[in-house]
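Data block below; observations after.
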Amino acid sequence: MNLSVHWKKLSVSSSAREHLERRLSFGLGRFAQRVRAVRAVLSDENGTRGGVDKRCKLQVRTNLGMVQVAEMDRDLHAAIDLASERLQRTLARLFDRQHFQNNGSWRASGVFRRRHAGSSNDATRVLLP
């Protein structure tokens, strides 16, 4: 995975870069074969005024195209956490959808079996409070 980090209106921080690398390697580990490059843009939207203004924008180039997510928070590390979690969910949804389109059914991917294993009488079972 090729990672490039761009800083806008922020001083370069080695701790933020290490945190970003750690979160992306953990979050995108299972997609390593499909992810070509990651571009991170870390910025301070308001400058010195403060507030919820630290933005982490992640752009990922995959074999299916480009995916982009962005999150804002007061703390840069929190914005990185939110953006990496969102990116992981987005990529999982994208690759599951692509797997579904290639196979033609959820049964082929095993998702149907996992969700409905042992639920033959679920339609007739009523749970009262």
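The chains in the structure tokens are called A, B, ... from first to last as shown; in each chain the residues are counted from 1, and the ligands are counted from 1 in the order shown.
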
Checklist entry - What lies within 12 Å of Ser15 in chain A using only C-alpha atoms, ignoring chain neighbours under 4 positions off, as a list in words? => result Ser11, His19, Leu20, Glu21, Arg22, Leu76, His77 and Ile80 of chain A

Residues just named, written with C-alpha atoms as a PDB file, in the first residue's frame:
```pdb
ATOM      1  CA  SER A  11       2.467  21.714  11.198  1.00  0.00           C
ATOM      2  CA  HIS A  19      -1.101   7.158  14.121  1.00  0.00           C
ATOM      3  CA  LEU A  20      -2.451   7.428  10.569  1.00  0.00           C
ATOM      4  CA  GLU A  21      -0.155   4.656   9.299  1.00  0.00           C
ATOM      5  CA  ARG A  22      -1.100   2.382  12.211  1.00  0.00           C
ATOM      6  CA  LEU A  76      -6.634  15.394  14.651  1.00  0.00           C
ATOM      7  CA  HIS A  77      -6.155  11.877  16.043  1.00  0.00           C
ATOM      8  CA  ILE A  80      -8.076  10.098  11.725  1.00  0.00           C
TER       9      ILE A  80
END
```

Next on the checklist: Residues near range 35-39 of chain A, anyone? I mean within 10 Å using only C-alpha atoms, not counting same-chain ones fewer than 4 positions away, as an NGL selection string.
Outcome noted: :A and (1-6 or 24 or 28-31 or 57-68 or 91)

Item to check | Interatomic distance (Å, one decimal) between CA of Gln33 in chain A and CA of Thr90 in chain A | outcome: 16.2 Å

Close residues, Asp73 in chain A itself excluded, 6 Å, only C-alpha atoms, min 2 positions apart in chain, as a PDB file with C-alpha atoms, in the first residue's frame:
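Below is the file part-v3.pdb, written as the result:
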```pdb
ATOM      1  CA  VAL A  52     -14.375  21.299  15.291  1.00  0.00           C
ATOM      2  CA  LYS A  54      -9.408  19.260  12.068  1.00  0.00           C
ATOM      3  CA  ASP A  75      -8.654  16.514  17.669  1.00  0.00           C
ATOM      4  CA  ALA A  79     -10.570  12.695  12.982  1.00  0.00           C
TER       5      ALA A  79
END
```

Item to check | Residues of range 9-112 of chain A in strand (DSSP E), written as a ChimeraX atom specification | outcome: /A:35-44,54-62,65-73

Item to check | All alpha helix (DSSP H) positions in range 11-110 of chain A, as an MDAnalysis selection string | outcome: chainID A and resid 14:27 76:103 106:109
